[in-house]
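One file, my_file.txt, is given below (compact mmCIF, C-alpha atoms).
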```
# COMPACT_ATOMS: atom_id res chain seq x y z
CA MET B 176 -51.60 63.31 -48.89
CA TYR B 177 -48.85 61.33 -50.62
CA SER B 178 -48.13 64.37 -52.76
CA GLN B 179 -44.89 65.77 -51.32
CA GLU B 180 -42.22 66.19 -53.97
CA ILE B 181 -38.88 64.56 -53.32
CA THR B 182 -36.19 67.19 -53.03
CA ARG B 183 -32.87 67.56 -51.25
CA ARG B 184 -34.80 69.30 -48.48
CA HIS B 185 -37.51 66.60 -48.39
CA ARG B 186 -35.75 63.28 -48.94
CA ALA B 187 -37.63 59.97 -49.15
CA ALA B 188 -36.89 56.79 -47.16
CA ILE B 189 -36.79 53.41 -48.93
CA VAL B 190 -36.47 50.18 -46.90
CA LEU B 191 -35.95 46.82 -48.59
CA MET B 192 -36.57 43.76 -46.41
CA LEU B 193 -35.03 40.59 -47.85
CA ASP B 194 -35.91 37.08 -46.70
CA ARG B 195 -32.56 35.25 -46.49
CA SER B 196 -33.80 32.01 -44.92
CA ALA B 197 -32.85 28.51 -46.13
CA SER B 198 -35.97 28.16 -48.27
CA MET B 199 -34.61 30.91 -50.52
CA GLN B 200 -32.32 28.24 -51.97
CA GLY B 201 -35.30 27.06 -54.03
CA ARG B 202 -35.15 27.74 -57.75
CA VAL B 203 -37.38 30.12 -59.71
CA ARG B 204 -37.65 31.38 -63.25
CA PHE B 205 -35.91 34.75 -63.63
CA GLY B 206 -36.89 36.03 -67.04
CA ARG B 207 -35.94 33.09 -69.26
CA MET B 208 -33.32 31.58 -66.98
CA MET B 209 -33.59 29.50 -63.83
CA THR B 210 -31.88 30.71 -60.69
CA THR B 211 -32.37 30.56 -56.92
CA LYS B 212 -34.86 32.81 -55.18
CA ALA B 213 -31.99 34.27 -53.15
CA GLU B 214 -30.11 35.20 -56.33
CA ALA B 215 -33.21 36.71 -57.93
CA VAL B 216 -34.04 38.80 -54.85
CA ALA B 217 -30.45 40.00 -54.42
CA MET B 218 -30.29 40.90 -58.11
CA THR B 219 -33.54 42.85 -57.84
CA ALA B 220 -32.30 44.71 -54.75
CA ASN B 221 -29.01 45.55 -56.44
CA MET B 222 -30.82 46.82 -59.53
CA LEU B 223 -33.11 49.02 -57.45
CA ILE B 224 -30.27 50.55 -55.41
CA THR B 225 -28.32 51.31 -58.60
CA GLU B 226 -31.44 52.82 -60.17
CA LEU B 227 -32.07 55.06 -57.16
CA ILE B 228 -28.52 56.39 -57.37
CA ASP B 229 -28.81 56.93 -61.14
CA ARG B 230 -32.10 58.81 -60.70
CA CYS B 231 -30.31 61.26 -58.42
CA ARG B 232 -27.60 62.12 -60.93
CA ARG B 233 -27.75 65.48 -62.64
CA THR B 234 -25.34 67.10 -65.08
CA ASP B 235 -23.90 69.32 -62.36
CA ALA B 236 -23.88 66.90 -59.40
CA LEU B 237 -25.65 64.08 -57.60
CA ARG B 238 -28.77 65.21 -55.72
CA ASN B 239 -29.30 63.66 -52.28
CA TYR B 240 -32.93 62.58 -52.72
CA PHE B 241 -33.10 59.24 -50.87
CA ASP B 242 -32.19 57.52 -47.62
CA VAL B 243 -31.92 53.78 -48.28
CA ALA B 244 -31.81 50.78 -45.94
CA VAL B 245 -31.67 47.06 -46.69
CA VAL B 246 -32.66 44.67 -43.89
CA GLY B 247 -31.91 40.98 -44.30
CA TYR B 248 -33.49 38.34 -42.08
CA GLY B 249 -32.68 34.64 -41.80
CA ASN B 250 -30.88 32.10 -39.63
CA ASP B 251 -32.38 33.58 -36.41
CA SER B 252 -30.87 37.01 -37.05
CA VAL B 253 -31.69 40.37 -38.58
CA GLU B 254 -28.92 42.28 -40.33
CA GLN B 255 -28.46 45.75 -41.72
CA LEU B 256 -26.93 45.04 -45.12
CA LEU B 257 -25.85 48.56 -46.15
CA SER B 258 -24.84 50.10 -42.82
CA GLU B 259 -24.96 49.16 -39.15
CA ASP B 260 -26.72 52.48 -38.62
CA GLY B 261 -29.59 51.48 -40.90
CA PHE B 262 -30.25 54.24 -43.42
CA VAL B 263 -27.59 55.41 -45.84
CA SER B 264 -28.01 58.50 -47.98
CA VAL B 265 -27.76 58.11 -51.74
CA GLU B 266 -24.90 60.62 -51.62
CA ALA B 267 -22.94 58.34 -49.26
CA LEU B 268 -23.76 55.26 -51.35
CA SER B 269 -22.51 56.97 -54.50
CA ARG B 270 -19.08 57.37 -52.89
CA ARG B 271 -18.76 53.62 -52.33
CA THR B 272 -17.19 51.21 -54.80
CA PRO B 273 -19.39 48.10 -54.84
CA ARG B 274 -18.18 44.74 -56.02
CA MET B 275 -19.03 44.17 -59.68
CA GLY B 276 -20.84 40.99 -60.63
CA ARG B 277 -21.79 39.35 -63.92
CA VAL B 278 -25.48 39.00 -64.76
CA ALA B 279 -26.82 37.23 -67.86
CA PHE B 280 -30.05 38.30 -69.58
CA GLU B 281 -31.67 36.97 -72.71
CA GLU B 282 -31.67 39.65 -75.40
CA GLU B 283 -32.81 39.84 -79.01
CA LEU B 284 -29.91 40.13 -81.44
CA PRO B 285 -29.97 42.25 -84.64
CA ASP B 286 -30.74 39.15 -86.73
CA GLY B 287 -33.84 38.45 -84.63
CA THR B 288 -32.41 35.51 -82.70
CA ALA B 289 -32.18 35.42 -78.91
CA ALA B 290 -29.02 34.92 -76.89
CA MET B 291 -27.88 35.18 -73.28
CA VAL B 292 -25.79 38.35 -72.94
CA GLU B 293 -23.68 39.05 -69.86
CA HIS B 294 -23.58 42.47 -68.20
CA SER B 295 -21.54 43.88 -65.33
CA ARG B 296 -23.71 45.08 -62.46
CA PRO B 297 -22.86 46.61 -59.05
CA CYS B 298 -23.43 44.21 -56.15
CA TRP B 299 -24.55 46.18 -53.09
CA VAL B 300 -26.12 43.11 -51.45
CA ASP B 301 -24.65 39.62 -51.38
CA ILE B 302 -26.61 36.40 -51.79
CA ASN B 303 -27.41 34.40 -48.67
CA ALA B 304 -29.99 31.73 -47.77
CA GLU B 305 -29.85 29.80 -44.50
CA GLY B 306 -31.79 29.01 -41.35
CA THR B 307 -35.12 30.31 -40.11
CA THR B 308 -37.35 33.28 -41.02
CA PRO B 309 -37.44 35.87 -38.18
CA MET B 310 -39.83 38.21 -40.01
CA TYR B 311 -41.47 39.53 -36.84
CA GLU B 312 -38.11 40.63 -35.42
CA ALA B 313 -37.25 42.24 -38.76
CA MET B 314 -40.56 44.13 -38.81
CA MET B 315 -39.94 45.39 -35.27
CA GLN B 316 -36.56 46.73 -36.27
CA VAL B 317 -38.01 48.36 -39.39
CA ARG B 318 -40.81 49.93 -37.32
CA ASP B 319 -38.20 51.50 -35.02
CA MET B 320 -36.12 52.65 -38.01
CA VAL B 321 -38.98 54.44 -39.76
CA GLU B 322 -40.19 55.93 -36.45
CA GLN B 323 -36.78 57.45 -35.88
CA TRP B 324 -36.57 58.67 -39.48
CA CYS B 325 -40.03 60.28 -39.38
CA ALA B 326 -39.33 61.90 -35.99
CA LYS B 327 -36.44 63.94 -37.36
CA PRO B 328 -37.56 67.55 -37.93
CA GLU B 329 -36.11 67.62 -41.44
CA ASN B 330 -38.29 64.64 -42.44
CA ARG B 331 -41.61 65.64 -40.89
CA GLU B 332 -42.99 67.07 -44.17
CA SER B 333 -41.46 64.39 -46.42
CA PHE B 334 -43.20 61.72 -48.47
CA PRO B 335 -43.73 58.82 -46.01
CA PRO B 336 -41.33 55.86 -45.90
CA ILE B 337 -41.77 52.99 -48.36
CA VAL B 338 -41.08 49.49 -46.98
CA ILE B 339 -40.87 46.57 -49.43
CA ASN B 340 -40.75 43.09 -47.88
CA ILE B 341 -39.73 40.30 -50.29
CA THR B 342 -40.30 36.83 -48.84
CA ASP B 343 -41.02 33.26 -49.91
CA GLY B 344 -42.43 31.82 -46.74
CA GLU B 345 -44.06 32.13 -43.36
CA PRO B 346 -42.30 33.71 -40.39
CA THR B 347 -40.92 31.28 -37.83
CA ASP B 348 -41.09 33.72 -34.89
CA CYS B 349 -44.80 34.66 -34.81
CA ASP B 350 -48.29 33.58 -35.78
CA ASP B 351 -50.58 35.28 -38.32
CA ASN B 352 -52.22 37.62 -35.80
CA GLU B 353 -48.87 38.74 -34.43
CA LEU B 354 -47.62 39.39 -37.96
CA ARG B 355 -50.72 41.45 -38.78
CA ASP B 356 -50.21 43.46 -35.57
CA ILE B 357 -46.56 44.32 -36.15
CA CYS B 358 -47.23 45.19 -39.79
CA ALA B 359 -50.04 47.51 -38.68
CA GLN B 360 -47.57 49.20 -36.34
CA VAL B 361 -45.18 49.76 -39.26
CA ARG B 362 -47.96 51.18 -41.43
CA ARG B 363 -49.12 53.61 -38.72
CA VAL B 364 -45.74 55.40 -38.65
CA SER B 365 -46.26 58.62 -40.57
CA THR B 366 -45.04 61.97 -41.75
CA GLU B 367 -47.35 64.91 -42.31
CA ASP B 368 -47.82 63.64 -45.89
CA GLY B 369 -49.17 60.20 -44.98
CA GLU B 370 -48.58 56.82 -43.35
CA THR B 371 -45.77 54.42 -44.22
CA LEU B 372 -46.44 52.31 -47.32
CA LEU B 373 -45.79 48.62 -46.65
CA LEU B 374 -45.62 46.38 -49.71
CA ASN B 375 -45.31 42.60 -49.32
CA VAL B 376 -44.04 40.51 -52.22
CA HIS B 377 -44.40 36.73 -51.97
CA ILE B 378 -42.32 34.61 -54.33
CA CYS B 379 -42.59 30.84 -54.68
CA THR B 380 -41.34 28.00 -56.84
CA ASP B 381 -44.77 26.79 -58.04
CA TRP B 382 -45.27 28.78 -61.24
CA THR B 383 -48.49 26.88 -62.04
CA LEU B 384 -50.27 29.04 -59.47
CA PRO B 385 -51.92 32.24 -60.75
CA SER B 386 -50.03 35.48 -60.33
CA ILE B 387 -51.65 38.21 -58.25
CA ILE B 388 -50.34 41.76 -58.29
CA PHE B 389 -51.90 44.65 -56.33
CA PRO B 390 -54.93 42.40 -55.69
CA MET B 391 -58.45 43.66 -55.32
CA PRO B 392 -60.45 42.13 -52.42
CA ASP B 393 -62.35 39.72 -54.69
CA GLU B 394 -59.10 38.39 -56.17
CA LEU B 395 -58.18 37.03 -52.74
CA ILE B 396 -61.36 35.01 -52.22
CA GLY B 397 -59.78 31.81 -53.51
CA ALA B 398 -56.24 32.56 -52.37
CA GLY B 399 -54.46 30.51 -49.74
CA ARG B 400 -54.08 31.54 -46.13
CA GLN B 401 -50.57 32.85 -46.56
CA ALA B 402 -51.48 35.08 -49.52
CA ARG B 403 -54.48 36.50 -47.66
CA THR B 404 -52.38 37.13 -44.55
CA LEU B 405 -49.71 39.00 -46.50
CA ALA B 406 -52.40 41.08 -48.20
CA GLU B 407 -53.92 41.96 -44.83
CA CYS B 408 -50.46 42.95 -43.61
CA SER B 409 -49.96 45.30 -46.57
CA SER B 410 -51.01 48.88 -47.12
CA VAL B 411 -54.19 49.61 -49.02
CA MET B 412 -52.73 51.71 -51.80
CA PRO B 413 -53.61 55.42 -51.68
CA SER B 414 -55.83 56.69 -54.47
CA VAL B 415 -52.97 58.67 -56.02
CA PHE B 416 -51.52 55.32 -57.18
CA ASP B 417 -54.79 54.07 -58.74
CA ASP B 418 -54.10 55.15 -62.33
CA ALA B 419 -50.63 53.57 -62.36
CA ILE B 420 -51.95 50.31 -60.87
CA ILE B 421 -54.90 50.16 -63.30
CA GLU B 422 -52.47 50.67 -66.19
CA LEU B 423 -50.37 47.79 -64.84
CA LYS B 424 -53.28 45.41 -64.12
CA GLY B 425 -55.39 46.30 -67.15
CA MET B 426 -58.99 47.21 -67.78
CA GLY B 427 -61.44 45.93 -65.22
CA ALA B 428 -59.22 46.72 -62.29
CA VAL B 429 -61.11 48.66 -59.64
CA PRO B 430 -59.69 50.02 -56.37
CA PRO B 431 -59.07 49.44 -53.54
CA PHE B 432 -55.78 47.63 -54.20
CA TYR B 433 -53.58 45.89 -51.65
CA GLY B 434 -49.86 46.67 -51.82
CA MET B 435 -49.02 43.01 -52.31
CA GLY B 436 -47.84 40.61 -54.99
CA TYR B 437 -48.13 36.81 -54.99
CA ASN B 438 -46.22 34.42 -57.23
CA ALA B 439 -45.17 37.46 -59.25
CA SER B 440 -42.63 37.15 -62.01
CA VAL B 441 -39.47 39.19 -61.65
CA ILE B 442 -40.86 41.70 -64.18
CA GLU B 443 -43.99 42.09 -62.07
CA LEU B 444 -41.88 42.27 -58.91
CA LEU B 445 -39.96 45.21 -60.36
CA SER B 446 -43.25 46.81 -61.37
CA ILE B 447 -44.45 46.60 -57.76
CA ILE B 448 -41.24 48.21 -56.55
CA ASN B 449 -41.35 50.91 -59.21
CA ILE B 450 -44.92 51.84 -58.37
CA GLY B 451 -44.10 51.89 -54.69
CA SER B 452 -40.99 53.98 -55.09
CA ARG B 453 -41.45 56.35 -57.97
CA SER B 454 -44.59 56.12 -60.08
CA ILE B 455 -46.29 59.32 -58.95
CA ILE B 456 -43.45 60.86 -57.02
CA ASN B 457 -42.14 64.05 -58.53
CA MET B 458 -38.48 64.81 -58.07
CA GLU B 459 -37.44 68.43 -58.07
```

Spit out the file's structure as structure tokens when you get a sec.
Amino acid sequence: MYSQEITRRHRAAIVLMLDRSASMQGRVRFGRMMTTKAEAVAMTANMLITELIDRCRRTDALRNYFDVAVVGYGNDSVEQLLSEDGFVSVEALSRRTPRMGRVAFEEELPDGTAAMVEHSRPCWVDINAEGTTPMYEAMMQVRDMVEQWCAKPENRESFPPIVINITDGEPTDCDDNELRDICAQVRRVSTEDGETLLLNVHICTDWTLPSIIFPMPDELIGAGRQARTLAECSSVMPSVFDDAIIELKGMGAVPPFYGMGYNASVIELLSIINIGSRSIINME
């Protein structure tokens, strides 16, 4: 289980769910700069999409290894941000010409000092933050998307879909039990290689709170209701990920691990995504 290589014959499905509600206007620390949560999440999504395309490039051609979807939810609506049809192949994405944006990162200069250096980056997803948080409706749409993807004969033997939900707040269209139920429905969708992996990443503006990444059950004992609910909504990570997660968390980490992050820095957020999307996946 969870061992199928990613090939052109056995593509993998990646779904990013982005909270685009009004609370995403709040500011967070992104590396060493302050920005809005909406900007940080969009930047992370854009970096991941670019990385997935780059990982498919070979000297002779681009290999069509991934189907990618980005689902945004906010302001009482759920939107497909890459295509109205949902999934887009990496091959089709590579033929697009995204808008280029400027991103500043702090870097160490040759003389040892630090400075903010601007880089041009493709913008596949625009920044938006308004209205409510229809997470339940978004999860229902994602459930239907991965069901349809897994039902296709060419995907039946593939590595199961990976769904990464990045949010800063509670849904406004369901209670905790309803959220747990719909997330369980998403997780139960499967290929012959395993069930869908659902990772939930909670970001917030209070950086005095402890960071939790791939929490063990005892790490959630003192956590708030929302953190515990998101953990219960997440996949328990398959054992094939244990070594990568232990390396990330450090000595003393013992499975099982929830596929969840709370108050994670952007670096940790990217680590969650990387483990979910590529850590033990071989690409042929």

At a cut-off of 6 Å from (-49.9, 40.6, -53.4) in the coordinates of the file, what residues are picked up using only C-alpha atoms, written as a VMD selection string?
chain B and resid 376 387 to 390 406 435 to 437

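Atom to atom, atom CA of B:Arg270 and atom CA of B:Leu237 stand 10.5 Å apart.
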
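With all atoms listed in the file as the atoms that count, the minimum distance from B:Tyr240 to the choices B:Arg184, B:Arg331, B:Arg195, B:Arg362 is reached by B:Arg184.
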
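Contact shell of stretch 211-218 of chain B at 6 Å (all atoms listed in the file; same-chain neighbours under 2 positions omitted): Met199, Gln200, Gly201, Arg202, Val203, Ala220, Asn221 and Ile302 of chain B.
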
Check the smallest atom-to-atom distance from each of B:Glu226, B:Asp417, B:Leu405, B:Tyr177 to B:Val265 using only C-alpha atoms, then report the winner.
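Among the listed residues, B:Glu226 lies closest to B:Val265.
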
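For B:Val411, the list of residues within 7 Å, based on all atoms listed in the file and with local chain neighbours fewer than 5 positions off taken out, reads Pro431, Phe432, Tyr433 and Gly434 of chain B.
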
Using 4 Å of padding on each side, determine the axis-aligned box around all atoms of stretch 239-242 of chain B present in the file and give its centre and edge lengths in Å to one decimal, as JSON.
```
{"center_x": -31.2, "center_y": 60.6, "center_z": -50.2, "size_x": 11.8, "size_y": 14.1, "size_z": 13.1}
```

What would stretch 293-306 of chain B look like with N, CA, C and O atoms in place, written as an mmCIF file, in the frame of the given file?
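Everything below was put into selection.cif:
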```cif
data_model
loop_
_atom_site.group_PDB
_atom_site.id
_atom_site.type_symbol
_atom_site.label_atom_id
_atom_site.label_comp_id
_atom_site.auth_asym_id
_atom_site.auth_seq_id
_atom_site.Cartn_x
_atom_site.Cartn_y
_atom_site.Cartn_z
ATOM 1 N N GLU B 293 -24.138 38.714 -71.211
ATOM 2 C CA GLU B 293 -23.680 39.050 -69.860
ATOM 3 C C GLU B 293 -23.465 40.554 -69.722
ATOM 4 O O GLU B 293 -23.025 41.228 -70.647
ATOM 5 N N HIS B 294 -23.794 41.070 -68.528
ATOM 6 C CA HIS B 294 -23.580 42.470 -68.200
ATOM 7 C C HIS B 294 -22.899 42.558 -66.840
ATOM 8 O O HIS B 294 -23.104 41.702 -65.982
ATOM 9 N N SER B 295 -22.114 43.597 -66.653
ATOM 10 C CA SER B 295 -21.540 43.880 -65.330
ATOM 11 C C SER B 295 -22.516 44.730 -64.549
ATOM 12 O O SER B 295 -23.025 45.728 -65.065
ATOM 13 N N ARG B 296 -22.776 44.348 -63.308
ATOM 14 C CA ARG B 296 -23.710 45.080 -62.460
ATOM 15 C C ARG B 296 -23.111 45.255 -61.063
ATOM 16 O O ARG B 296 -22.479 44.327 -60.537
ATOM 17 N N PRO B 297 -23.330 46.430 -60.428
ATOM 18 C CA PRO B 297 -22.860 46.610 -59.050
ATOM 19 C C PRO B 297 -23.595 45.671 -58.096
ATOM 20 O O PRO B 297 -24.803 45.457 -58.228
ATOM 21 N N CYS B 298 -22.853 45.098 -57.161
ATOM 22 C CA CYS B 298 -23.430 44.210 -56.150
ATOM 23 C C CYS B 298 -23.370 44.901 -54.793
ATOM 24 O O CYS B 298 -22.341 44.868 -54.116
ATOM 25 N N TRP B 299 -24.456 45.522 -54.389
ATOM 26 C CA TRP B 299 -24.550 46.180 -53.090
ATOM 27 C C TRP B 299 -24.914 45.181 -52.005
ATOM 28 O O TRP B 299 -24.576 45.384 -50.839
ATOM 29 N N VAL B 300 -25.623 44.121 -52.390
ATOM 30 C CA VAL B 300 -26.120 43.110 -51.450
ATOM 31 C C VAL B 300 -25.662 41.754 -51.916
ATOM 32 O O VAL B 300 -25.807 41.403 -53.097
ATOM 33 N N ASP B 301 -25.097 40.962 -51.034
ATOM 34 C CA ASP B 301 -24.650 39.620 -51.380
ATOM 35 C C ASP B 301 -25.775 38.608 -51.208
ATOM 36 O O ASP B 301 -26.763 38.852 -50.504
ATOM 37 N N ILE B 302 -25.625 37.475 -51.845
ATOM 38 C CA ILE B 302 -26.610 36.400 -51.790
ATOM 39 C C ILE B 302 -26.398 35.579 -50.522
ATOM 40 O O ILE B 302 -25.271 35.242 -50.171
ATOM 41 N N ASN B 303 -27.508 35.269 -49.842
ATOM 42 C CA ASN B 303 -27.410 34.400 -48.670
ATOM 43 C C ASN B 303 -28.758 33.718 -48.446
ATOM 44 O O ASN B 303 -29.806 34.328 -48.686
ATOM 45 N N ALA B 304 -28.745 32.465 -48.009
ATOM 46 C CA ALA B 304 -29.990 31.730 -47.770
ATOM 47 C C ALA B 304 -29.707 30.606 -46.779
ATOM 48 O O ALA B 304 -29.188 29.558 -47.151
ATOM 49 N N GLU B 305 -30.076 30.835 -45.508
ATOM 50 C CA GLU B 305 -29.850 29.800 -44.500
ATOM 51 C C GLU B 305 -30.762 30.028 -43.292
ATOM 52 O O GLU B 305 -31.161 31.150 -42.993
ATOM 53 N N GLY B 306 -31.098 28.935 -42.628
ATOM 54 C CA GLY B 306 -31.790 29.010 -41.350
ATOM 55 C C GLY B 306 -33.251 29.406 -41.417
ATOM 56 O O GLY B 306 -33.947 29.179 -42.399
#
```
